[in-house]
Amino acid sequence: MLTQLGNLAELTRLSGLWIEQLRELILDLDSSVSETYGEQEGTAYNGHFGCTCYHPLFCFNQFGDVERTLLREGNVHSAKDWLAVLEPVVARYRGQTLPRYFRADAAFANPEVYEFLETEGYGYAIRLPANEALQREIEPLLTRPVGRPSNAPAVWYADFLYQAQSWESARRVVAKVEWHKGELFPRSCSS
C-alpha cells in the first residue's frame with residue numbers, strides 16, 4: 001500500500017509538513033557509540049569508549065527527532081564530517097523565518113563550526129574545553145560559598161567576551177559554576 005506512487009509522494013511530503021508549523025528550531029549535533037562484535041567493515045577500537053565500535057554522528061531537533069545521521073568508522077574524532085551532516089539540515093530550514101539555534105558539546109568547539117552557524121544566522125551554545133584563560137575569567141566563582149551548604153546546588157553564572165588564538169573575533173562566553181552539597185570541587189562549564 002505504501003509503495004504506490006500516490007502514497008510515496010504523500011509520505012515524502014509528510015516530513016516537511018511539520019516544518020511549516022515550527023515557531024523555533026533547535027538543532028543538536030552529537031556523536032554516539034555503536035559497539036560491535038566480530039569483524040564488521042569500518043569498526044575500530046575507540047579508546048574514549050573503550051570498545052570496538054562504529055562512531056555515528058547524529059543531528060536531532062528539539063523534539064528528539066533525528067534530522068540526519070552518518071555511520072562512521074569507530075576511531076574517528078567526534079566532530080569528523082560535521083558539515084556533511086549539518087549542512088543539509090540547515091539547508092532544509094534556510095527559507096524559514098523563525099529563530100534558529102544550535103547546541104553541541106566541546107568536540108564541536110572550533111572556528112569553522114562557529115563561522116558556519118553565524119553565516120547561517122543561528123544562535124549557538126557549544127561547550128568550550130577548559131583552559132587557563134577561561135579559568136582566570138571565572139576564578140571569582142570558584143571560591144566555595146561561606147556558611148552551611150544548602151541541599152540545592154548553589155549555581156552562579158558569568159558572561160564575558162573571549163577570543164581564542166584560532167578565532168578571528170571575540171565571542172560571548174557564558175560560564176556556569178555549580179557548588180553541590182558534599183562535593184569538594186565545583187562543577188563548571190563554559191559555552
# chains A, B, ... in the order shown; residues from 1 in each chain; ligands from 1

call {"tool": "residues_around", "arguments": {"residues": "Leu86 of chain A", "least_positions_apart": "4", "cutoff": "10 Å", "atoms": "only C-alpha atoms", "output": "PDB file with C-alpha atoms, in the first residue's frame"}}
result
ATOM      1  CA  LEU A  27      19.410  21.539  16.402  1.00  0.00           C
ATOM      2  CA  ASP A  28      21.686  19.322  18.462  1.00  0.00           C
ATOM      3  CA  LEU A  29      24.742  17.633  16.924  1.00  0.00           C
ATOM      4  CA  LEU A  57      27.130  11.252  14.102  1.00  0.00           C
ATOM      5  CA  PHE A  58      23.555  12.452  14.690  1.00  0.00           C
ATOM      6  CA  CYS A  59      21.683  15.708  14.249  1.00  0.00           C
ATOM      7  CA  PHE A  60      18.494  15.947  16.338  1.00  0.00           C
ATOM      8  CA  GLU A  67      17.193  15.089  11.261  1.00  0.00           C
ATOM      9  CA  ARG A  68      20.215  13.357   9.731  1.00  0.00           C
ATOM     10  CA  THR A  69      22.813  10.743  10.644  1.00  0.00           C
ATOM     11  CA  ASP A  81      32.318  15.119   8.919  1.00  0.00           C
ATOM     12  CA  TRP A  82      30.144  17.539  10.935  1.00  0.00           C
ATOM     13  CA  VAL A  90      20.445  23.757   7.740  1.00  0.00           C
ATOM     14  CA  ALA A  91      19.589  23.922   4.026  1.00  0.00           C
ATOM     15  CA  VAL A 113      31.562  25.459  13.154  1.00  0.00           C
ATOM     16  CA  PHE A 116      29.177  28.366   9.566  1.00  0.00           C
ATOM     17  CA  LEU A 117      26.455  28.929  12.175  1.00  0.00           C
TER      18      LEU A 117
END

call {"tool": "residues_around", "arguments": {"residues": "Lys80 of chain A", "least_positions_apart": "5", "cutoff": "10 Å", "atoms": "only C-alpha atoms", "output": "PyMOL selection string"}}
result
chain A and resi 31+55-57+72+85+107-108

call {"tool": "closest_residue", "arguments": {"among": "A:Ala164, A:Asn75, A:Gly64, A:Pro140", "to": "Phe49 of chain A", "atoms": "only C-alpha atoms"}}
result
A:Asn75

call {"tool": "atom_distance", "arguments": {"atom1": "atom CA of Asp65 of chain A", "atom2": "atom CA of Glu120 of chain A"}}
result
21.3 Å

call {"tool": "select_by_dssp", "arguments": {"residues": "segment 73-182 of chain A", "states": "helix (DSSP H, G or I)", "output": "JSON, numbers by chain"}}
result
{"A": [82, 83, 84, 85, 86, 87, 88, 89, 90, 91, 92, 93, 106, 107, 108, 111, 112, 113, 114, 115, 116, 117, 118, 119, 120, 132, 133, 134, 135, 136, 137, 138, 139, 140, 141, 142]}

call {"tool": "residues_around", "arguments": {"residues": "Glu137 of chain A", "least_positions_apart": "6", "cutoff": "12 Å", "atoms": "only C-alpha atoms", "output": "VMD selection string"}}
result
chain A and resid 130 to 131 157 to 162 173 to 177 190

call {"tool": "closest_atom_pairs", "arguments": {"of": "segment 127-149 of chain A", "to": "segment 102-106 of chain A", "cutoff": "10 Å", "atoms": "only C-alpha atoms", "output": "Markdown table"}}
result
| residue | atom | partner | partner_atom | distance |
| --- | --- | --- | --- | --- |
| A:Arg127 | CA | A:Ala106 | CA | 4.6 |
| A:Leu128 | CA | A:Ala106 | CA | 5.1 |
| A:Pro129 | CA | A:Ala106 | CA | 5.7 |
| A:Ala130 | CA | A:Ala106 | CA | 9.2 |

call {"tool": "write_last_selection", "arguments": {"atoms": "N, CA, C and O atoms", "output": "PDB file, in the first residue's frame"}}
result
ATOM      1  N   ARG A 127      29.785  23.914  24.170  1.00  0.00           N
ATOM      2  CA  ARG A 127      30.663  23.858  25.340  1.00  0.00           C
ATOM      3  C   ARG A 127      32.111  24.034  24.902  1.00  0.00           C
ATOM      4  O   ARG A 127      32.546  23.454  23.912  1.00  0.00           O
ATOM      5  N   LEU A 128      32.854  24.830  25.653  1.00  0.00           N
ATOM      6  CA  LEU A 128      34.269  25.054  25.361  1.00  0.00           C
ATOM      7  C   LEU A 128      35.129  24.151  26.227  1.00  0.00           C
ATOM      8  O   LEU A 128      34.831  23.957  27.407  1.00  0.00           O
ATOM      9  N   PRO A 129      36.209  23.623  25.683  1.00  0.00           N
ATOM     10  CA  PRO A 129      37.145  22.875  26.525  1.00  0.00           C
ATOM     11  C   PRO A 129      37.781  23.836  27.532  1.00  0.00           C
ATOM     12  O   PRO A 129      38.037  24.997  27.219  1.00  0.00           O
ATOM     13  N   ALA A 130      38.009  23.362  28.724  1.00  0.00           N
ATOM     14  CA  ALA A 130      38.612  24.198  29.766  1.00  0.00           C
ATOM     15  C   ALA A 130      40.026  24.595  29.365  1.00  0.00           C
ATOM     16  O   ALA A 130      40.731  23.832  28.702  1.00  0.00           O
TER      17      ALA A 130
END
